[in-house]
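Novice: Mind having a look at this structure? Questions to follow.
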Amino acid sequence: MAFDVAAVRGLFPALGDGWVHLDAPAGMQVPEQVATAVSTALRAPVSGPGGIFPASQRAEAIVEAARRAIADLVGANPAGVVLGPNSPVLLQRLADALGDGWMIGDDVVVSRLDHPGNVAPWQRAAQRSGGTVRWAEVDIETCELPVWQYQELVTPRTKVVALTAASGAVGTRPDVRHAAEAAHEHGALVVVDASAAAPFLPLDIASMGADVVAVNASSWGGPPVGALVFRNPAMLDQLPSVSLEAGVRGPERLELGPPAYPLLAGLVASVDYLAGLDDAAVGPRRERLLTSLGSVKSYQAGLLANLTNGLRRLRHVMVIGDAMRRVPSMAFTVNGVKAEDAIEHLAERGICAFADPGTGGVFAVMGVGEVGGAVRIGLAHYTNAHEVDQLLRAVAELG
């Protein structure tokens with residue numbers, strides 16, 4: 001496998017600003033080929049689908065290509081790919097559609113590890129139907145999500161189990177498959193938010209045991225587009241439609257309004273970018289994705305290990321969590337320094353990072369708000385060892 005970080009960095013015009021971009025959890029920077037695809041589509045004649053003229057056929061081709069690209073990314077059927085503005089919006093549509101058939105006493109299972117985008121829609125749906133919400137808790141020492149608890153949480157009245165493939169806050173990768181097996185024993189639908197995992201791991205919807213997978217293209221340097229992927233496309237025709245057109249079938253039942261064709265063109269380019277991260281990747285796009293993302297996983301594991309070990313050697317720093325399986329996102333606290341002051345210090349040294357007040361999600365469970373919040377960072381495809389060293393030196397100065 002050949003992952004060349006220097007070559008990858010050359011694909012990103014934004015890196016010319018001189019900053020160290022460790023803000024990947026908010027979305028990676030955009031590679032040139034994605035920006036070019038969007039601008040090219042904006043300049044080309046594109047019309048609505050259904051016509052026999054070239055502009056209309058071009059629109060249909062863009063949508064079909066976008067569905068195939070996402071299907072290749074997660075190992076699914078293009079007929080099960082729903083496209084939209086972002087995954088939280090699409091998850092809300094799904095929750096609204098499913099929740100219409102729930103009754104008092106039904107329940108959903110969500111986790112403290114998840115992003116609010118895969119929690120709030122299910123909370124709202126349960127509230128509307130008079131149902132209940134059950135919580136899967138994290139281990140406050142390691143930030144692991146123990147899967148044994150799903151055997152107790154899931155009941156015959158459970159309609160949905162929603163969990164993340166990876167946490168964009170602390171990096172934890174829970175054992176989705178075993179949680180899914182517990183859910184399926186009672187006939188519950190498993191909805192997995194893979195947005196934080198997709199940039200760094202080969203995904204396979206069947207291996208995860210997921211019924212629906214949500215992704216956000218911006219997480220890997222794509223345009224602001226999201227997708228829901230159904231392992232069984234036939235399920236789409238069983239859901240209430242939100243479409244403005246009557247009688248539509250398949251993915252269009254959960255798609256509201258005309259597609260943003262230029263952004264979908266950029267989506268295709270962004271998946272092609274992922275597939276080309278390893279020069280040794282050959283074959284169909286699905287195979288190239290598996291090879292390239294396998295290389296990314298190996299490269300990032302080494303970089304993350306160096307970063308984590310370096311931070312832990314600093315006595316005034318506490319790294320939050322110690323999960324065995326992770327993506328390269330993490331958080332830490334600095335003794336006696338508020339997170340907002342720490343990120344100001346980093347910004348003065350040209351490093352992008354975020355402060356989390358610690359009042360919600362996994363940080364609230366761990367009491368991070370009581371110590372002034374956490375500094376959140378995330379590595380990207382273009383992060384190199386020199387940038388990790390820059391961060392470590394800057395954090396050491398806070399001691």
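Labels used: A, B, ... for chains in the order of the structure tokens, numbers from 1 for residues in each chain, and numbers from 1 for ligands as shown.
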Find the residues around A:His184 up to 12 Å (only C-alpha atoms counted), leave out those fewer than 3 positions away in its own chain, and share them as a short mmCIF file (atom, residue, chain, number, x, y, z; two decimals) with C-alpha atoms, in the first residue's frame.
Specialist:
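Resulting contents of around37.cif:
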```cif
data_model
loop_
_atom_site.label_atom_id
_atom_site.label_comp_id
_atom_site.auth_asym_id
_atom_site.auth_seq_id
_atom_site.Cartn_x
_atom_site.Cartn_y
_atom_site.Cartn_z
CA TYR A 150 -27.80 -3.68 24.05
CA GLN A 151 -28.95 -7.14 25.12
CA VAL A 154 -33.45 -3.68 23.21
CA THR A 155 -36.94 -5.10 23.79
CA PRO A 156 -39.74 -6.40 21.57
CA THR A 158 -37.90 -1.30 20.29
CA LYS A 159 -38.40 0.19 16.84
CA VAL A 160 -34.98 1.71 16.13
CA VAL A 161 -31.46 1.34 17.47
CA ARG A 177 -22.15 -5.44 14.39
CA HIS A 178 -22.74 -6.95 17.83
CA ALA A 179 -25.12 -4.16 18.79
CA ALA A 180 -26.96 -4.73 15.51
CA GLU A 181 -27.29 -8.44 16.21
CA GLY A 187 -36.81 -6.93 14.87
CA ALA A 188 -35.52 -3.39 15.50
CA LEU A 189 -34.16 -1.26 12.67
CA VAL A 190 -30.46 -0.38 12.98
CA VAL A 191 -29.52 3.14 11.82
CA GLY A 209 -25.25 -5.26 10.26
CA ALA A 210 -26.81 -1.86 9.56
CA ASP A 211 -30.19 -1.46 7.91
#
```
Novice: Any idea what's packed within 9 Å of A:Gly99, counting only C-alpha atoms, ignoring anything in its chain fewer than 6 positions away? Could you give it as a PyMOL selection string?
Specialist: chain A and resi 122+124-126+128-129+159
Novice: Give me a file of those residues, with all heavy atoms, as a JSON list (two decimals), in the first residue's frame.
Specialist:
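part-v2.json written:
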```json
[["chain", "number", "residue", "atom", "x", "y", "z"],
["A", 122, "TRP", "N", -34.73, 10.84, 16.67],
["A", 122, "TRP", "CA", -35.40, 9.68, 17.28],
["A", 122, "TRP", "C", -36.06, 10.07, 18.59],
["A", 122, "TRP", "O", -37.12, 9.54, 18.94],
["A", 122, "TRP", "CB", -34.39, 8.55, 17.47],
["A", 122, "TRP", "CG", -33.68, 8.26, 16.19],
["A", 122, "TRP", "CD1", -32.37, 8.49, 15.89],
["A", 122, "TRP", "CD2", -34.27, 7.73, 15.00],
["A", 122, "TRP", "NE1", -32.11, 8.13, 14.59],
["A", 122, "TRP", "CE2", -33.25, 7.66, 14.02],
["A", 122, "TRP", "CE3", -35.55, 7.30, 14.67],
["A", 122, "TRP", "CZ2", -33.47, 7.18, 12.74],
["A", 122, "TRP", "CZ3", -35.79, 6.83, 13.38],
["A", 122, "TRP", "CH2", -34.76, 6.77, 12.44],
["A", 124, "ARG", "N", -37.42, 13.00, 19.12],
["A", 124, "ARG", "CA", -38.65, 13.70, 18.72],
["A", 124, "ARG", "C", -39.72, 12.71, 18.27],
["A", 124, "ARG", "O", -40.90, 12.85, 18.60],
["A", 124, "ARG", "CB", -38.35, 14.68, 17.59],
["A", 124, "ARG", "CG", -37.40, 15.82, 17.98],
["A", 124, "ARG", "CD", -37.30, 16.84, 16.86],
["A", 124, "ARG", "NE", -36.24, 17.80, 17.12],
["A", 124, "ARG", "CZ", -35.12, 17.88, 16.43],
["A", 124, "ARG", "NH1", -34.90, 17.06, 15.40],
["A", 124, "ARG", "NH2", -34.21, 18.78, 16.73],
["A", 125, "ALA", "N", -39.31, 11.72, 17.49],
["A", 125, "ALA", "CA", -40.28, 10.73, 17.00],
["A", 125, "ALA", "C", -40.90, 9.95, 18.15],
["A", 125, "ALA", "O", -42.11, 9.69, 18.16],
["A", 125, "ALA", "CB", -39.59, 9.79, 16.01],
["A", 126, "ALA", "N", -40.09, 9.58, 19.13],
["A", 126, "ALA", "CA", -40.61, 8.84, 20.28],
["A", 126, "ALA", "C", -41.55, 9.72, 21.09],
["A", 126, "ALA", "O", -42.61, 9.26, 21.56],
["A", 126, "ALA", "CB", -39.45, 8.35, 21.15],
["A", 128, "ARG", "N", -43.41, 12.21, 20.04],
["A", 128, "ARG", "CA", -44.69, 12.40, 19.33],
["A", 128, "ARG", "C", -45.61, 11.19, 19.49],
["A", 128, "ARG", "O", -46.83, 11.34, 19.54],
["A", 128, "ARG", "CB", -44.44, 12.66, 17.85],
["A", 128, "ARG", "CG", -43.93, 14.06, 17.54],
["A", 128, "ARG", "CD", -44.05, 14.36, 16.05],
["A", 128, "ARG", "NE", -43.33, 13.38, 15.25],
["A", 128, "ARG", "CZ", -42.06, 13.49, 14.90],
["A", 128, "ARG", "NH1", -41.36, 14.55, 15.29],
["A", 128, "ARG", "NH2", -41.47, 12.58, 14.16],
["A", 129, "SER", "N", -45.04, 10.01, 19.54],
["A", 129, "SER", "CA", -45.86, 8.80, 19.59],
["A", 129, "SER", "C", -46.16, 8.34, 21.01],
["A", 129, "SER", "O", -46.89, 7.35, 21.20],
["A", 129, "SER", "CB", -45.14, 7.66, 18.85],
["A", 129, "SER", "OG", -43.95, 7.30, 19.52],
["A", 159, "LYS", "N", -38.20, -0.01, 18.27],
["A", 159, "LYS", "CA", -38.40, 0.19, 16.84],
["A", 159, "LYS", "C", -37.08, 0.50, 16.12],
["A", 159, "LYS", "O", -36.88, 0.06, 14.99],
["A", 159, "LYS", "CB", -39.39, 1.34, 16.61],
["A", 159, "LYS", "CG", -40.79, 1.04, 17.13],
["A", 159, "LYS", "CD", -41.37, -0.19, 16.45],
["A", 159, "LYS", "CE", -42.79, -0.45, 16.90],
["A", 159, "LYS", "NZ", -43.34, -1.68, 16.25]]
```
Novice: If you count only C-alpha atoms, which residues fall within 10 Å of A:Arg58, apart from same-chain ones fewer than 2 positions away, as a PyMOL selection string?
Specialist: chain A and resi 41+44-49+51+53-56+60-64+261
Novice: Those selected residues, please, written with N, CA and C atoms and delivered as a PDB file, in the first residue's frame.
Specialist:
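Ended up saving to selection_33.pdb:
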```pdb
ATOM      1  N   ALA A  41     -19.952  21.756 -13.443  1.00  0.00           N
ATOM      2  CA  ALA A  41     -21.386  21.462 -13.524  1.00  0.00           C
ATOM      3  C   ALA A  41     -22.222  22.738 -13.482  1.00  0.00           C
ATOM      4  N   ALA A  44     -22.121  24.128 -17.052  1.00  0.00           N
ATOM      5  CA  ALA A  44     -22.737  23.304 -18.100  1.00  0.00           C
ATOM      6  C   ALA A  44     -24.255  23.437 -18.066  1.00  0.00           C
ATOM      7  N   PRO A  45     -24.917  23.255 -19.203  1.00  0.00           N
ATOM      8  CA  PRO A  45     -26.382  23.289 -19.209  1.00  0.00           C
ATOM      9  C   PRO A  45     -26.961  22.064 -18.505  1.00  0.00           C
ATOM     10  N   VAL A  46     -27.685  22.289 -17.418  1.00  0.00           N
ATOM     11  CA  VAL A  46     -28.333  21.214 -16.661  1.00  0.00           C
ATOM     12  C   VAL A  46     -29.768  21.623 -16.421  1.00  0.00           C
ATOM     13  N   SER A  47     -30.692  20.724 -16.701  1.00  0.00           N
ATOM     14  CA  SER A  47     -32.111  21.013 -16.532  1.00  0.00           C
ATOM     15  C   SER A  47     -32.711  19.971 -15.589  1.00  0.00           C
ATOM     16  N   GLY A  48     -34.022  19.986 -15.471  1.00  0.00           N
ATOM     17  CA  GLY A  48     -34.683  18.968 -14.665  1.00  0.00           C
ATOM     18  C   GLY A  48     -34.718  17.644 -15.394  1.00  0.00           C
ATOM     19  N   PRO A  49     -34.824  16.542 -14.664  1.00  0.00           N
ATOM     20  CA  PRO A  49     -34.878  15.219 -15.305  1.00  0.00           C
ATOM     21  C   PRO A  49     -36.209  15.014 -16.017  1.00  0.00           C
ATOM     22  N   GLY A  51     -36.672  14.985 -19.448  1.00  0.00           N
ATOM     23  CA  GLY A  51     -36.701  15.447 -20.833  1.00  0.00           C
ATOM     24  C   GLY A  51     -35.826  14.582 -21.721  1.00  0.00           C
ATOM     25  N   PHE A  53     -33.834  16.035 -24.061  1.00  0.00           N
ATOM     26  CA  PHE A  53     -32.766  16.903 -24.543  1.00  0.00           C
ATOM     27  C   PHE A  53     -31.529  16.730 -23.642  1.00  0.00           C
ATOM     28  N   PRO A  54     -30.360  17.114 -24.120  1.00  0.00           N
ATOM     29  CA  PRO A  54     -29.109  16.837 -23.404  1.00  0.00           C
ATOM     30  C   PRO A  54     -29.038  17.403 -21.993  1.00  0.00           C
ATOM     31  N   ALA A  55     -29.541  18.616 -21.759  1.00  0.00           N
ATOM     32  CA  ALA A  55     -29.446  19.214 -20.426  1.00  0.00           C
ATOM     33  C   ALA A  55     -30.212  18.396 -19.395  1.00  0.00           C
ATOM     34  N   SER A  56     -31.360  17.856 -19.816  1.00  0.00           N
ATOM     35  CA  SER A  56     -32.152  17.016 -18.912  1.00  0.00           C
ATOM     36  C   SER A  56     -31.472  15.667 -18.700  1.00  0.00           C
ATOM     37  N   GLU A  60     -30.090  13.742 -15.118  1.00  0.00           N
ATOM     38  CA  GLU A  60     -30.346  12.367 -14.706  1.00  0.00           C
ATOM     39  C   GLU A  60     -29.043  11.598 -14.511  1.00  0.00           C
ATOM     40  N   ALA A  61     -28.078  11.839 -15.387  1.00  0.00           N
ATOM     41  CA  ALA A  61     -26.799  11.135 -15.293  1.00  0.00           C
ATOM     42  C   ALA A  61     -26.049  11.520 -14.019  1.00  0.00           C
ATOM     43  N   ILE A  62     -26.133  12.795 -13.639  1.00  0.00           N
ATOM     44  CA  ILE A  62     -25.452  13.240 -12.418  1.00  0.00           C
ATOM     45  C   ILE A  62     -26.046  12.560 -11.193  1.00  0.00           C
ATOM     46  N   VAL A  63     -27.362  12.504 -11.114  1.00  0.00           N
ATOM     47  CA  VAL A  63     -28.011  11.866  -9.967  1.00  0.00           C
ATOM     48  C   VAL A  63     -27.668  10.377  -9.907  1.00  0.00           C
ATOM     49  N   GLU A  64     -27.738   9.712 -11.043  1.00  0.00           N
ATOM     50  CA  GLU A  64     -27.418   8.280 -11.071  1.00  0.00           C
ATOM     51  C   GLU A  64     -25.964   8.038 -10.671  1.00  0.00           C
ATOM     52  N   TYR A 261     -27.685  19.746  -8.466  1.00  0.00           N
ATOM     53  CA  TYR A 261     -26.881  18.969  -9.420  1.00  0.00           C
ATOM     54  C   TYR A 261     -25.386  19.274  -9.361  1.00  0.00           C
TER      55      TYR A 261
END
```
Novice: Taking only stretch 189-255 of chain A into account, list the residues labelled alpha helix (DSSP H) by DSSP (computed from the backbone), as a tab-separated table (two decimals) with N, CA and C atoms, in the first residue's frame.
Specialist:
```
chain	number	residue	atom	x	y	z
A	205	ILE	N	-21.91	-2.01	4.54
A	205	ILE	CA	-23.19	-1.95	5.24
A	205	ILE	C	-23.62	-3.32	5.74
A	206	ALA	N	-23.33	-4.37	4.99
A	206	ALA	CA	-23.72	-5.71	5.41
A	206	ALA	C	-22.87	-6.18	6.58
A	207	SER	N	-21.57	-5.95	6.52
A	207	SER	CA	-20.69	-6.39	7.61
A	207	SER	C	-21.02	-5.68	8.92
A	208	MET	N	-21.43	-4.41	8.83
A	208	MET	CA	-21.82	-3.68	10.03
A	208	MET	C	-23.13	-4.21	10.62
```
Novice: Got a sec: who's within 8 Å of A:Pro251, counting only C-alpha atoms, leaving out chain neighbours fewer than 2 positions off, as number ranges by chain?
Specialist: A: 79-83, 233, 236, 249, 253-255
Novice: Can you pull out every residue within 10 Å of stretch 237-245 of chain A, counting only C-alpha atoms, but drop anything in the same chain fewer than 5 positions away, and send it as a list of chain:residue names?
Specialist: A:Arg93, A:Leu94, A:Asp96, A:Ala97, A:Leu98, A:Asp100, A:Gly101, A:Gly250, A:Pro251, A:Glu252, A:Arg253, A:Leu254, A:Glu255, A:Leu256, A:Gly257, A:Pro258
Novice: Which neighbours of stretch 364-375 of chain A fall inside 9 Å, counting only C-alpha atoms, when residues of the same chain fewer than 6 positions from it are skipped, and could you give them as a PyMOL selection string?
Specialist: chain A and resi 112+137-138+140-141+143+320+330-340+342-343+353-358
Novice: Could you dump the residues just selected with N, CA and C atoms as a short mmCIF file (atom, residue, chain, number, x, y, z; two decimals), in the first residue's frame?
Specialist:
```cif
data_model
loop_
_atom_site.label_atom_id
_atom_site.label_comp_id
_atom_site.auth_asym_id
_atom_site.auth_seq_id
_atom_site.Cartn_x
_atom_site.Cartn_y
_atom_site.Cartn_z
N ARG A 112 -25.03 7.73 24.12
CA ARG A 112 -24.38 8.97 24.57
C ARG A 112 -23.19 9.32 23.68
N GLU A 137 -24.97 3.80 27.45
CA GLU A 137 -24.02 4.66 28.13
C GLU A 137 -22.58 4.33 27.72
N VAL A 138 -21.70 5.30 27.91
CA VAL A 138 -20.29 5.10 27.62
C VAL A 138 -19.53 4.81 28.91
N ILE A 140 -16.87 5.87 31.23
CA ILE A 140 -16.30 7.20 31.39
C ILE A 140 -14.77 7.18 31.46
N GLU A 141 -14.16 6.03 31.67
CA GLU A 141 -12.71 5.94 31.70
C GLU A 141 -12.12 5.84 30.28
N CYS A 143 -14.20 5.83 27.26
CA CYS A 143 -15.13 6.30 26.21
C CYS A 143 -15.55 5.19 25.26
N ILE A 320 -8.94 12.62 26.67
CA ILE A 320 -10.24 12.06 27.04
C ILE A 320 -10.46 10.75 26.29
N MET A 330 -10.05 13.39 18.45
CA MET A 330 -9.80 13.27 19.88
C MET A 330 -10.08 14.58 20.59
N ALA A 331 -10.09 14.50 21.91
CA ALA A 331 -10.30 15.69 22.75
C ALA A 331 -9.40 15.58 23.97
N PHE A 332 -9.03 16.73 24.49
CA PHE A 332 -8.22 16.74 25.71
C PHE A 332 -8.51 18.00 26.51
N THR A 333 -8.15 17.95 27.78
CA THR A 333 -8.28 19.11 28.66
C THR A 333 -6.89 19.52 29.12
N VAL A 334 -6.76 20.79 29.48
CA VAL A 334 -5.49 21.33 29.98
C VAL A 334 -5.73 21.85 31.39
N ASN A 335 -4.99 21.32 32.35
CA ASN A 335 -5.17 21.71 33.75
C ASN A 335 -5.03 23.22 33.94
N GLY A 336 -6.07 23.81 34.55
CA GLY A 336 -6.02 25.22 34.86
C GLY A 336 -6.23 26.15 33.69
N VAL A 337 -6.54 25.61 32.52
CA VAL A 337 -6.74 26.43 31.33
C VAL A 337 -8.10 26.09 30.71
N LYS A 338 -8.94 27.09 30.53
CA LYS A 338 -10.21 26.86 29.86
C LYS A 338 -9.98 26.52 28.40
N ALA A 339 -10.86 25.70 27.86
CA ALA A 339 -10.70 25.25 26.47
C ALA A 339 -10.68 26.43 25.50
N GLU A 340 -11.52 27.43 25.76
CA GLU A 340 -11.56 28.58 24.84
C GLU A 340 -10.25 29.36 24.87
N ALA A 342 -7.34 27.89 25.54
CA ALA A 342 -6.36 27.00 24.90
C ALA A 342 -6.42 27.12 23.38
N ILE A 343 -7.63 27.18 22.82
CA ILE A 343 -7.70 27.25 21.35
C ILE A 343 -7.28 28.63 20.84
N ALA A 353 -8.33 24.57 15.89
CA ALA A 353 -8.92 23.59 16.79
C ALA A 353 -10.21 24.19 17.34
N PHE A 354 -11.02 23.37 18.00
CA PHE A 354 -12.29 23.83 18.53
C PHE A 354 -12.34 23.65 20.04
N ALA A 355 -13.13 24.48 20.69
CA ALA A 355 -13.41 24.32 22.12
C ALA A 355 -14.83 23.79 22.27
N ASP A 356 -15.00 22.80 23.12
CA ASP A 356 -16.32 22.27 23.44
C ASP A 356 -16.60 22.58 24.91
N PRO A 357 -17.72 23.24 25.20
CA PRO A 357 -17.99 23.61 26.60
C PRO A 357 -18.24 22.42 27.51
N GLY A 358 -18.49 21.26 26.92
CA GLY A 358 -18.69 20.07 27.74
C GLY A 358 -20.07 19.95 28.35
#
```
Novice: A:Gly171, A:Pro223, A:Pro146, A:Pro116: which is nearest A:Gly360, counting only C-alpha atoms?
Specialist: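 Of A:Gly171, A:Pro223, A:Pro146, A:Pro116, the one nearest A:Gly360 is A:Pro116, counting only C-alpha atoms.
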Novice: Which residues in stretch 86-262 of chain A does DSSP call strand (DSSP E or B)? List them as a PyMOL selection string.
Specialist: chain A and resi 107-111+132-136+158-164+172+189-193+212-216+226-230
Novice: Given only C-alpha atoms as the basis, pick out the residue of A:Ala280, A:Val74, A:Leu91, A:Val133 nearest to A:Ile104.
Specialist: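 Checking each candidate against A:Ile104, we get A:Val133 as the closest.
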Novice: For atom CA of A:Ala269 and atom CA of A:Ser219, determine how far apart the two atoms are, in Å to one decimal place.
Specialist: 14.1 Å
Novice: Could you tell me how far atom CA of A:Cys352 lies from atom CA of A:Gly16, in Å and to one decimal?
Specialist: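 Pair atom CA of A:Cys352 / atom CA of A:Gly16 returns 14.1 Å.
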Novice: Name the closest residue to A:Gln390 among the candidates A:Ser195, A:Leu22, A:Met103, A:Ala7; distances are taken between atoms, counting only C-alpha atoms.
Specialist: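 When distances to A:Gln390 are compared using only C-alpha atoms, the smallest one comes from A:Leu22.
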Novice: What is the atom CA of A:His386-atom CA of A:Pro328 distance in Å, reported with one decimal?
Specialist: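 So the answer is 16.0 Å.
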Novice: Closest to A:Thr142 among A:Val20, A:Asp193, A:Pro199, A:Arg326, using only C-alpha atoms?
Specialist: A:Arg326
Novice: Just checking: using only C-alpha atoms, which residue out of A:Gln92, A:Thr359, A:Ser218, A:Gln57 ends up closest to A:Val30?
Specialist: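 Ranking A:Gln92, A:Thr359, A:Ser218, A:Gln57 by distance to A:Val30, first place goes to A:Ser218.
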Novice: At most 10 Å is the cut-off: for each residue in stretch 193-225 of chain A with any atom that close to an atom of stretch 286-292 of chain A, write down the nearest atom pair and the distance in Å rounded to one decimal, counting only C-alpha atoms, chain first then increasing number, as JSON lines.
Specialist:
```
{"residue": "A:Phe200", "atom": "CA", "partner": "A:Ser292", "partner_atom": "CA", "distance": 9.4}
{"residue": "A:Leu201", "atom": "CA", "partner": "A:Leu290", "partner_atom": "CA", "distance": 8.2}
{"residue": "A:Pro202", "atom": "CA", "partner": "A:Leu290", "partner_atom": "CA", "distance": 5.3}
{"residue": "A:Leu203", "atom": "CA", "partner": "A:Leu290", "partner_atom": "CA", "distance": 8.0}
{"residue": "A:Asp204", "atom": "CA", "partner": "A:Leu290", "partner_atom": "CA", "distance": 9.6}
```
Novice: Pick out the residues sitting within 10 Å of A:Glu32, and hand them over as a PyMOL selection string; count only C-alpha atoms, and ignore anything fewer than 4 positions along from it in its own chain.
Specialist: chain A and resi 10-14+36-37+221+269-270+273
Novice: Counting only C-alpha atoms, which of A:Leu303, A:Ile377, A:Val395, A:Ile351 gets nearest to A:His316?
Specialist: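 Among the listed residues, the smallest separation from A:His316 belongs to A:Val395.
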